[in-house]
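Novice: File structure_15.txt follows (compact mmCIF, C-alpha atoms and all ligand atoms):
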```txt
# COMPACT_ATOMS: atom_id res chain seq x y z
CA MET W 25 31.95 -5.01 -1.07
CA SER W 26 30.72 -1.85 -2.70
CA ALA W 27 28.17 -0.70 -0.12
CA GLY W 28 28.84 1.67 2.72
CA THR W 29 28.86 5.32 3.58
CA GLY W 30 28.64 7.33 0.40
CA THR W 31 27.12 4.49 -1.63
CA ARG W 32 24.42 5.75 -3.99
CA VAL W 33 21.04 4.40 -2.97
CA ASP W 34 17.48 5.60 -3.47
CA VAL W 35 16.95 8.34 -0.89
CA ARG W 36 13.44 7.11 -0.04
CA ILE W 37 14.76 3.63 0.75
CA LEU W 38 17.59 5.18 2.77
CA THR W 39 15.06 7.18 4.83
CA ARG W 40 13.10 4.01 5.57
CA ALA W 41 16.31 2.18 6.49
CA GLU W 42 17.31 4.99 8.86
CA LEU W 43 13.87 5.01 10.42
CA ALA W 44 13.99 1.21 10.90
CA LEU W 45 17.38 1.39 12.61
CA ARG W 46 17.34 4.75 14.42
CA GLY W 47 13.65 4.63 15.30
CA VAL W 48 11.66 7.62 16.46
CA ARG W 49 11.97 9.65 19.65
CA VAL W 50 10.40 7.89 22.57
CA ASP W 51 7.49 10.27 23.14
CA SER W 52 6.42 9.93 19.52
CA LEU W 53 4.63 6.60 19.87
CA ARG W 54 2.50 7.43 22.89
CA ARG W 55 -1.16 7.04 22.17
CA PRO W 56 -3.23 10.22 22.23
CA ASP W 57 -5.10 9.06 25.34
CA GLY W 58 -1.81 8.82 27.25
CA ALA W 59 -2.48 5.29 28.43
CA GLY W 60 1.03 4.09 27.58
CA PRO W 61 2.93 3.11 24.50
CA SER W 62 1.02 1.60 21.64
CA GLY W 63 1.50 -2.12 21.01
CA ASP W 64 5.26 -2.65 21.39
CA ASP W 65 6.20 0.25 19.11
CA HIS W 66 4.11 -1.13 16.28
CA VAL W 67 2.92 1.66 14.01
CA LEU W 68 1.69 2.28 10.51
CA VAL W 69 4.09 4.23 8.31
CA ASP W 70 2.31 5.44 5.19
CA GLY W 71 -0.46 3.00 6.09
CA ALA W 72 1.76 -0.11 6.21
CA ASN W 73 2.91 -2.14 9.22
CA ALA W 74 6.22 -0.99 10.69
CA ALA W 75 8.02 -2.07 13.86
CA LEU W 76 10.16 0.89 14.91
CA PRO W 77 12.45 1.15 17.90
CA THR W 78 11.72 3.95 20.33
CA ASN W 79 14.92 5.90 20.74
CA PRO W 80 15.22 9.15 22.72
CA SER W 81 18.23 10.21 20.64
CA SER W 82 16.71 9.47 17.23
CA PRO W 83 16.86 12.40 14.78
CA TYR W 84 13.31 11.44 13.74
CA SER W 85 10.24 12.72 15.58
CA VAL W 86 6.50 12.71 14.94
CA ARG W 87 4.29 15.80 14.77
CA ASP W 88 0.72 15.98 13.54
CA GLY W 89 0.88 12.36 12.37
CA ARG W 90 3.94 13.00 10.16
CA VAL W 91 7.59 11.99 10.48
CA TRP W 92 10.07 14.87 10.78
CA LEU W 93 13.84 14.87 10.45
CA GLY W 94 14.69 17.96 12.47
CA ASP W 95 12.60 20.72 10.81
CA GLU W 96 12.20 18.79 7.58
CA ASP W 97 8.96 16.95 6.80
CA THR W 98 9.95 13.53 5.41
CA GLY W 99 6.57 13.21 3.72
CA LEU W 100 5.87 9.98 5.64
CA THR W 101 2.78 9.58 7.79
CA LEU W 102 2.92 7.66 11.08
CA THR W 103 -0.08 6.31 12.94
CA PRO W 104 0.21 4.42 16.24
CA VAL W 105 -1.55 1.06 16.42
CA ARG W 106 -4.20 1.13 19.12
CA ARG W 107 -4.24 -1.46 21.87
CA PRO W 108 -6.39 -4.35 20.62
CA ARG W 109 -9.58 -5.27 22.44
CA PHE W 110 -8.65 -8.94 22.77
CA TYR W 111 -5.85 -7.99 25.20
CA ASP W 112 -8.54 -7.35 27.82
CA LEU W 113 -9.81 -10.94 27.76
CA THR W 114 -8.72 -13.95 29.81
CA THR W 115 -9.09 -17.69 29.10
CA ALA W 116 -11.40 -19.81 31.19
CA ASP W 117 -8.32 -21.18 32.97
CA GLY W 118 -7.17 -17.67 33.88
CA VAL W 119 -4.47 -16.80 31.32
CA PRO W 120 -4.68 -13.29 29.83
CA TYR W 121 -5.03 -13.51 26.03
CA GLU W 122 -2.17 -11.03 25.78
CA LYS W 123 0.19 -13.71 27.16
CA ILE W 124 -0.92 -16.21 24.52
CA ALA W 125 -0.58 -14.13 21.35
CA ARG W 126 0.28 -10.52 20.49
CA LEU W 127 -0.81 -8.09 17.84
CA HIS W 128 2.00 -7.25 15.40
CA GLY W 129 1.43 -4.28 13.14
CA ALA W 130 -2.26 -3.49 12.77
CA ASP W 131 -3.58 -6.86 11.67
CA VAL W 132 -1.17 -9.72 12.42
CA LEU W 133 -1.57 -12.10 15.36
CA ALA W 134 1.76 -13.59 16.38
CA THR W 135 2.83 -16.13 18.94
CA THR W 136 5.68 -18.39 19.97
CA VAL W 137 3.90 -21.67 20.58
CA VAL W 138 6.78 -23.20 22.55
CA GLN W 139 8.73 -20.43 24.25
CA THR W 140 11.80 -22.56 25.08
CA CYS W 141 14.61 -23.74 22.83
CA ILE W 142 17.08 -26.62 23.02
CA ARG W 143 19.70 -24.20 21.77
CA TYR W 144 19.34 -21.61 24.55
CA ALA W 145 22.44 -22.58 26.56
CA GLU W 146 24.84 -19.69 26.10
CA ALA W 147 27.33 -21.76 24.05
CA ASP W 148 24.64 -22.64 21.46
CA ARG W 149 22.26 -19.69 21.54
CA CYS W 150 21.69 -17.43 18.53
CA ARG W 151 23.23 -14.15 19.62
CA PHE W 152 20.24 -12.08 18.39
CA CYS W 153 17.60 -14.20 20.16
CA THR W 154 15.50 -13.41 23.25
CA ILE W 155 13.03 -16.32 23.16
CA GLU W 156 13.34 -17.26 26.83
CA GLU W 157 13.76 -13.69 28.12
CA ALA W 158 10.06 -12.99 27.54
CA LEU W 159 9.33 -16.04 29.64
CA ALA W 160 11.55 -14.83 32.46
CA SER W 161 9.83 -11.44 32.41
CA GLY W 162 6.41 -13.08 32.86
CA SER W 163 4.97 -11.50 29.70
CA THR W 164 4.10 -14.88 28.19
CA VAL W 165 3.65 -18.54 29.08
CA ALA W 166 6.00 -21.39 28.13
CA ALA W 167 3.59 -23.45 26.05
CA LYS W 168 0.32 -22.39 24.45
CA THR W 169 -2.26 -25.12 23.95
CA PRO W 170 -4.08 -25.51 20.61
CA GLU W 171 -7.34 -24.70 22.42
CA GLN W 172 -5.93 -21.45 23.83
CA LEU W 173 -4.56 -20.40 20.44
CA ALA W 174 -7.87 -21.11 18.71
CA GLU W 175 -9.77 -19.13 21.37
CA VAL W 176 -7.49 -16.10 21.07
CA ALA W 177 -7.41 -16.22 17.25
CA GLU W 178 -11.20 -16.25 17.06
CA ALA W 179 -11.45 -13.24 19.37
CA ALA W 180 -8.68 -11.31 17.60
CA VAL W 181 -10.39 -11.77 14.24
CA ARG W 182 -13.83 -10.88 15.59
CA LEU W 183 -12.87 -7.93 17.81
CA ASP W 184 -9.81 -6.46 16.11
CA GLY W 185 -9.94 -7.40 12.45
CA VAL W 186 -6.80 -9.57 12.48
CA ARG W 187 -6.11 -10.84 8.95
CA GLN W 188 -3.30 -13.36 9.36
CA MET W 189 -1.46 -15.32 12.04
CA VAL W 190 2.17 -16.26 12.58
CA LEU W 191 3.16 -19.28 14.69
CA THR W 192 6.80 -19.71 15.56
CA THR W 193 8.45 -22.09 17.99
CA GLY W 194 11.67 -22.67 19.83
CA THR W 195 13.44 -25.78 18.57
CA THR W 196 12.44 -28.96 20.36
CA THR W 197 14.40 -32.20 20.80
CA GLY W 198 12.34 -34.57 18.63
CA PRO W 199 12.96 -35.17 14.90
CA ASP W 200 10.02 -32.89 14.08
CA ARG W 201 11.92 -29.89 15.63
CA GLY W 202 8.61 -28.46 16.88
CA ALA W 203 6.51 -29.14 13.76
CA ARG W 204 4.25 -31.62 15.57
CA THR W 205 3.03 -28.96 18.01
CA LEU W 206 2.70 -26.42 15.20
CA ALA W 207 0.53 -28.85 13.20
CA ARG W 208 -1.79 -29.47 16.16
CA SER W 209 -2.04 -25.72 16.72
CA VAL W 210 -2.82 -24.89 13.08
CA ARG W 211 -5.52 -27.55 13.01
CA ALA W 212 -7.27 -26.07 16.03
CA ILE W 213 -6.96 -22.47 14.76
CA ARG W 214 -8.31 -23.31 11.30
CA ALA W 215 -11.21 -25.21 12.86
CA ALA W 216 -12.13 -22.07 14.86
CA VAL W 217 -11.41 -19.49 12.13
CA PRO W 218 -11.34 -21.32 8.78
CA ASP W 219 -10.53 -18.25 6.69
CA LEU W 220 -7.55 -17.01 8.71
CA PRO W 221 -4.28 -17.54 6.79
CA VAL W 222 -1.62 -19.01 9.10
CA GLN W 223 2.14 -19.17 8.64
CA VAL W 224 4.31 -21.62 10.60
CA GLN W 225 8.01 -21.16 11.31
CA CYS W 226 10.47 -23.89 12.33
CA GLU W 227 13.94 -25.31 11.68
CA PRO W 228 14.29 -27.94 8.94
CA PRO W 229 12.68 -31.03 10.52
CA ALA W 230 14.92 -34.11 10.61
CA ASP W 231 12.06 -35.90 8.86
CA LEU W 232 10.99 -33.69 5.93
CA ALA W 233 7.57 -35.39 5.86
CA TRP W 234 6.64 -32.93 8.62
CA ILE W 235 6.54 -30.16 6.02
CA GLY W 236 3.71 -31.98 4.25
CA GLU W 237 1.98 -32.57 7.60
CA LEU W 238 2.00 -28.82 8.30
CA HIS W 239 0.41 -28.17 4.93
CA VAL W 240 -2.23 -30.84 5.46
CA ALA W 241 -2.97 -29.36 8.89
CA GLY W 242 -3.95 -26.12 7.17
CA ALA W 243 -0.86 -23.88 7.16
CA THR W 244 -0.89 -21.35 4.32
CA ALA W 245 2.83 -20.59 4.27
CA ILE W 246 6.02 -21.67 5.99
CA GLY W 247 9.16 -19.88 7.14
CA ILE W 248 12.35 -21.92 7.45
CA HIS W 249 14.77 -19.32 8.73
CA VAL W 250 18.49 -19.54 8.09
CA GLU W 251 19.37 -15.89 8.95
CA SER W 252 22.69 -16.11 7.08
CA LEU W 253 24.01 -18.06 4.11
CA ASP W 254 27.62 -17.49 5.19
CA ASP W 255 28.93 -20.42 7.26
CA ARG W 256 31.53 -18.22 8.95
CA VAL W 257 28.73 -15.88 10.13
CA ARG W 258 26.52 -18.81 11.10
CA ARG W 259 29.19 -20.33 13.33
CA ALA W 260 29.89 -16.98 15.02
CA TRP W 261 26.26 -15.90 15.52
CA MET W 262 24.30 -19.16 15.70
CA PRO W 263 26.62 -21.87 16.98
CA GLY W 264 23.74 -24.26 17.71
CA LYS W 265 21.80 -23.76 14.48
CA ALA W 266 25.02 -23.78 12.45
CA THR W 267 25.33 -27.51 13.19
CA VAL W 268 22.48 -27.95 10.69
CA PRO W 269 24.30 -27.81 7.32
CA LEU W 270 23.16 -25.33 4.68
CA ALA W 271 22.54 -28.28 2.37
CA ARG W 272 19.83 -29.40 4.80
CA TYR W 273 18.15 -25.99 4.49
CA ASP W 274 18.27 -26.35 0.69
CA GLU W 275 16.49 -29.72 0.95
CA ALA W 276 13.88 -28.33 3.36
CA TRP W 277 13.20 -25.25 1.21
CA ASP W 278 12.84 -27.39 -1.93
CA GLU W 279 10.44 -29.75 -0.19
CA ALA W 280 8.48 -26.78 1.19
CA VAL W 281 8.19 -25.18 -2.26
CA ARG W 282 7.06 -28.52 -3.67
CA VAL W 283 4.35 -28.81 -0.99
CA PHE W 284 3.29 -25.18 -0.36
CA GLY W 285 4.11 -23.75 -3.78
CA ARG W 286 6.38 -21.00 -5.06
CA ASN W 287 6.43 -17.87 -2.88
CA ARG W 288 4.66 -19.56 0.02
CA VAL W 289 8.03 -20.29 1.58
CA SER W 290 10.33 -17.72 3.14
CA THR W 291 13.48 -17.32 5.15
CA TYR W 292 15.03 -14.50 7.15
CA LEU W 293 18.34 -13.01 6.00
CA LEU W 294 19.81 -10.63 8.57
CA VAL W 295 21.85 -7.60 7.55
CA GLY W 296 24.56 -6.58 9.99
CA LEU W 297 26.13 -9.86 11.11
CA GLY W 298 29.41 -9.15 9.35
CA GLU W 299 28.46 -10.69 6.01
CA ASP W 300 29.50 -9.31 2.63
CA PRO W 301 26.50 -7.31 1.29
CA ASP W 302 27.07 -8.38 -2.32
CA GLU W 303 27.25 -12.04 -1.29
CA LEU W 304 24.04 -11.59 0.68
CA VAL W 305 22.33 -10.16 -2.41
CA ALA W 306 23.64 -13.02 -4.57
CA GLY W 307 22.40 -15.57 -2.00
CA ALA W 308 18.98 -13.87 -1.92
CA GLY W 309 18.90 -14.18 -5.70
CA ARG W 310 19.50 -17.94 -5.47
CA LEU W 311 16.65 -18.24 -2.93
CA ILE W 312 14.32 -16.32 -5.23
CA ASP W 313 15.27 -18.66 -8.10
CA ARG W 314 14.15 -21.66 -6.04
CA GLY W 315 10.85 -19.95 -5.09
CA VAL W 316 11.80 -18.86 -1.56
CA TYR W 317 11.17 -15.27 -0.45
CA PRO W 318 14.27 -13.85 1.29
CA PHE W 319 12.94 -11.65 4.10
CA VAL W 320 15.82 -9.22 4.49
CA VAL W 321 15.81 -7.71 7.96
CA PRO W 322 18.30 -5.50 9.78
CA PHE W 323 19.93 -6.92 12.89
CA ARG W 324 18.79 -4.88 15.89
CA PRO W 325 20.63 -5.22 19.20
CA MET W 326 17.57 -5.98 21.30
CA ARG W 327 17.76 -5.86 25.07
CA GLY W 328 18.37 -9.31 26.51
CA THR W 329 20.40 -10.63 23.55
CA LEU W 330 23.98 -11.83 23.87
CA ALA W 331 24.89 -9.40 21.08
CA ALA W 332 23.53 -6.40 23.02
CA ARG W 333 25.34 -7.58 26.14
CA ASP W 334 28.55 -7.67 24.11
CA GLY W 335 27.98 -4.17 22.70
CA VAL W 336 27.34 -5.15 19.07
CA GLY W 337 25.60 -2.27 17.26
CA ALA W 338 23.04 -2.09 14.47
CA PRO W 339 24.25 -1.97 10.84
CA ASP W 340 24.82 1.18 8.81
CA PRO W 341 21.46 2.22 7.29
CA ALA W 342 23.24 2.79 3.96
CA VAL W 343 24.20 -0.89 3.83
CA LEU W 344 20.62 -1.95 4.65
CA ALA W 345 19.30 0.35 1.91
CA TYR W 346 21.90 -0.96 -0.57
CA VAL W 347 20.97 -4.61 0.06
CA THR W 348 17.23 -3.88 0.15
CA GLU W 349 17.24 -2.04 -3.17
CA ARG W 350 19.06 -4.88 -4.93
CA VAL W 351 16.98 -7.69 -3.42
CA VAL W 352 13.78 -5.83 -4.32
CA ALA W 353 14.96 -5.56 -7.95
CA ARG W 354 15.42 -9.34 -8.04
CA LEU W 355 12.05 -9.98 -6.37
CA ARG W 356 10.30 -7.76 -8.90
CA ALA W 357 12.06 -9.41 -11.82
CA ALA W 358 10.79 -12.77 -10.51
CA GLY W 359 7.26 -11.43 -9.93
CA MET W 360 7.45 -12.15 -6.19
CA SER W 361 5.97 -9.96 -3.46
CA GLY W 362 5.72 -10.40 0.29
CA ALA W 363 1.95 -9.89 0.17
CA ASP W 364 1.58 -13.01 -1.98
CA GLN W 365 2.75 -15.17 0.91
CA GLN W 366 -0.67 -14.34 2.46
CA ALA W 367 0.59 -15.02 5.98
CA GLY W 368 3.85 -14.61 7.84
CA CYS W 369 6.57 -12.05 8.28
CA ALA W 370 7.04 -11.40 4.56
CA ALA W 371 3.30 -10.71 4.25
CA CYS W 372 3.40 -8.44 7.31
CA GLY W 373 6.61 -6.68 6.37
CA ALA W 374 6.91 -4.61 9.56
CA CYS W 375 10.42 -5.72 10.50
CA SER W 376 11.90 -5.10 7.05
CA VAL W 377 12.26 -2.30 4.52
CA LEU W 378 11.48 -4.56 1.56
CA ARG W 379 7.77 -3.74 1.38
CA PRO W 380 8.07 0.07 1.21
CA ALA W 381 10.85 -0.41 -1.35
CA GLY W 382 8.48 -2.37 -3.60
CA GLY W 383 9.12 -6.00 -2.53
S1 LIG J 1 7.52 -9.06 10.33
FE1 LIG J 1 7.07 -10.89 11.61
S2 LIG J 1 8.03 -10.48 13.59
FE2 LIG J 1 7.94 -8.53 12.46
S3 LIG J 1 6.03 -7.58 13.18
FE3 LIG J 1 5.54 -8.69 11.31
S4 LIG J 1 4.89 -10.72 11.97
FE4 LIG J 1 5.90 -9.76 13.72
```
Can the structure in the file be given as structure tokens, please?
Ligand code: SF4

Specialist:
Amino acid sequence: MSAGTGTRVDVRILTRAELALRGVRVDSLRRPDGAGPSGDDHVLVDGANAALPTNPSSPYSVRDGRVWLGDEDTGLTLTPVRRPRFYDLTTADGVPYEKIARLHGADVLATTVVQTCIRYAEADRCRFCTIEEALASGSTVAAKTPEQLAEVAEAAVRLDGVRQMVLTTGTTTGPDRGARTLARSVRAIRAAVPDLPVQVQCEPPADLAWIGELHVAGATAIGIHVESLDDRVRRAWMPGKATVPLARYDEAWDEAVRVFGRNRVSTYLLVGLGEDPDELVAGAGRLIDRGVYPFVVPFRPMRGTLAARDGVGAPDPAVLAYVTERVVARLRAAGMSGADQQAGCAACGACSVLRPAGG
């Protein structure tokens, strides 16, 4: 590996990597009216979606709408995202819209359609995952019906200018792995808001015909998330998901590209799980060659994860910047951008540094 402290990387990308990992001081994201933090630390940095941790010991602060490193103006602007109007509404059966779907960034509506996962027993669980913690905290409901999702999507578009929607799911027991519920949900959403691009996210279905069903139902893009291409890392971090061989992901990605088209398919690749950065970049290059956008995201030790419980820390920002810079070069050479996905995490970009780096 050639990345690490002292590695030469573009200083602007390094600043964005540091901001993504160290966050901004906790008082920085309070809305001007003092009514509490803006939507889950979602902000706009230089006008683009960014999900930043709030961190009282971050060296970065915000003054006059700009990001400062100590007394130095980084040149970046930061604008909190205001609380959306649709959060104040409730379904006819009494569920607050806020528990059905959340605003991510300034214009993305996101939800976990089925908030439980067959892999959540501690022995199988992905060590970075909190899917059932939100359920335990009461901030969401276990299953969202297609009717509820359509109702919330319509309101979020009408009241808050939402421009795309992301539907993810915990893995279910059937051979569709959750795709059946996603397809029903997309159908209902597109019937209510025909112009809203929707991305679906699921594991490779046992029956790959489900990928075509999701497209027919109206999904614009699909995320089939592997998180790591290193089997040693997969077994250590995702013991349940690692039982699905990488060859199965290859088949699912190829089928998805055939059905949805090039650069309408994406996968997460996490930085900071102990992988070799150069191997990660090479693997991202292979994904790009097959038409799949590698959404490179830093691991963050979120509260409630097994990794945080075990004291695993975030990666070195220099390594994130190193990987990001090289993956962006490959994306540009292939003419691929996150925005072209139209919907989904790669189109949103908030959780990654790829977009500000040019990907
Ligand atoms: S990148 Fe995905 S998870 Fe992150 S804020 Fe955007 S839509 Fe949400």

Novice: Give me, please, the distance in Å between atom CA of W:Leu159 and atom CA of W:Glu146, quoted to one decimal.

Specialist: 16.3 Å

Novice: W:Arg204, W:Arg354, W:His66, W:His249: which is nearest W:Ala276, counting only C-alpha atoms?

Specialist: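 Among the listed residues, W:His249 lies closest to W:Ala276.
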
Novice: Output the neighbourhood of ligand LIG 1 (chain J) as a PyMOL selection string, that is, all protein and nucleic acid residues with some atom at most 8 Å from the ligand, counting all atoms listed in the file.

Specialist: chain W and resi 66+73-75+128-129+132-134+189-190+368-376

Novice: Which residue is closest to W:Met262? Choose from W:Val250, W:Arg379, W:Thr114, W:Thr169 and count only C-alpha atoms.

Specialist: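 Using only C-alpha atoms, W:Met262 sits closest to W:Val250.
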
Novice: Pick the closest to W:Gly285 from W:Ala271, W:Ala180, W:Ile235, W:Leu253: which is it, counting only C-alpha atoms?

Specialist: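 Comparing W:Ala271, W:Ala180, W:Ile235, W:Leu253 against W:Gly285, the winner is W:Ile235.
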
Novice: Give me the residues near W:Cys153 as a tab-separated table (two decimals) with C-alpha atoms, in the coordinates of the input, where near means some atom within 10 Å (using only C-alpha atoms) and where sequence neighbours in that chain fewer than 5 positions away do not count.

Specialist:
```
chain	number	residue	atom	x	y	z
W	144	TYR	CA	19.34	-21.61	24.55
W	261	TRP	CA	26.26	-15.90	15.52
W	262	MET	CA	24.30	-19.16	15.70
W	325	PRO	CA	20.63	-5.22	19.20
W	326	MET	CA	17.57	-5.98	21.30
W	327	ARG	CA	17.76	-5.86	25.07
W	328	GLY	CA	18.37	-9.31	26.51
W	329	THR	CA	20.40	-10.63	23.55
W	330	LEU	CA	23.98	-11.83	23.87
W	331	ALA	CA	24.89	-9.40	21.08
```

Novice: Need the shell around W:Val377: protein/DNA/RNA residues with any atom at most 12 Å away, counting all atoms listed in the file. Skip same-chain ones fewer than 3 positions apart. Format as a PyMOL selection string?

Specialist: chain W and resi 36-45+69+72-76+294-295+319-322+341+344-352+362+369-370+372-374+380-383

Novice: Which one of W:Val281, W:Leu304, W:Ile312, W:Val176 sits closest to W:Asp112 if you count only C-alpha atoms?

Specialist: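 Using only C-alpha atoms, the shortest distance to W:Asp112 belongs to W:Val176.
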
Novice: Calculated over only C-alpha atoms, which of the candidates W:Arg106, W:Arg324, W:Arg214, W:His239 has the smallest distance to W:Pro339?

Specialist: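 Smallest distance to W:Pro339 is found for W:Arg324.
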
Novice: Could you state the separation of atom CA of W:Gly264 and atom CA of W:Pro229 in Å, given to one decimal place?

Specialist: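 We find that atom CA of W:Gly264 and atom CA of W:Pro229 lie 14.8 Å from each other.
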
Novice: Using only C-alpha atoms, which of W:Ala367, W:Val137, W:Val210, W:Leu68 sits nearest W:Thr101?

Specialist: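 Distance minimum relative to W:Thr101 lands on W:Leu68.
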
Novice: If I take atom CA of W:Gln366 and atom CA of W:Ala338, how far is one from the other in Å, to one decimal?

Specialist: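 So the two atoms, atom CA of W:Gln366 and atom CA of W:Ala338, lie 29.3 Å apart.
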
Novice: List every protein, DNA or RNA residue that has at least one atom no more than 12 Å from (12.9, -19.9, 8.5) in the file's coordinates, counting only C-alpha atoms, and write the result as a PyMOL selection string.

Specialist: chain W and resi 191-195+223-229+245-252+265+273-274+276-277+280+288-294+316-320+368-370

Novice: Skip W:Gly118 itself and residues of its chain fewer than 6 positions away, then list as an mmCIF file with C-alpha atoms, keeping the file's coordinate frame all residues within 12 Å of it, counting all atoms listed in the file.

Specialist:
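Okay, out27.cif is ready:
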```cif
data_model
loop_
_atom_site.group_PDB
_atom_site.id
_atom_site.type_symbol
_atom_site.label_atom_id
_atom_site.label_comp_id
_atom_site.auth_asym_id
_atom_site.auth_seq_id
_atom_site.Cartn_x
_atom_site.Cartn_y
_atom_site.Cartn_z
ATOM 1 C CA ILE W 124 -0.920 -16.210 24.520
ATOM 2 C CA VAL W 165 3.650 -18.540 29.080
ATOM 3 C CA GLN W 172 -5.930 -21.450 23.830
#
```

Novice: Skipping near chain neighbours, those fewer than 5 positions away, what residues fall within 9 Å of W:Asp255 using only C-alpha atoms, listed as a list in words?

Specialist: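 The neighbour list is Ala260, Ala266, Pro269 and Leu270 of chain W.
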
Novice: Quick one: everything within 12 Å of W:Thr197, counting all atoms listed in the file, minus sequence neighbours fewer than 5 positions away in the same chain. Send it as an mmCIF file with C-alpha atoms, keeping the file's coordinate frame.

Specialist:
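Once everything was written out, this is selection19.cif:
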```
data_model
loop_
_atom_site.group_PDB
_atom_site.id
_atom_site.type_symbol
_atom_site.label_atom_id
_atom_site.label_comp_id
_atom_site.auth_asym_id
_atom_site.auth_seq_id
_atom_site.Cartn_x
_atom_site.Cartn_y
_atom_site.Cartn_z
ATOM 1 C CA VAL W 138 6.780 -23.200 22.550
ATOM 2 C CA THR W 140 11.800 -22.560 25.080
ATOM 3 C CA CYS W 141 14.610 -23.740 22.830
ATOM 4 C CA ILE W 142 17.080 -26.620 23.020
ATOM 5 C CA ARG W 143 19.700 -24.200 21.770
ATOM 6 C CA GLY W 202 8.610 -28.460 16.880
ATOM 7 C CA ALA W 203 6.510 -29.140 13.760
ATOM 8 C CA ARG W 204 4.250 -31.620 15.570
ATOM 9 C CA GLU W 227 13.940 -25.310 11.680
ATOM 10 C CA PRO W 229 12.680 -31.030 10.520
ATOM 11 C CA ALA W 230 14.920 -34.110 10.610
#
```
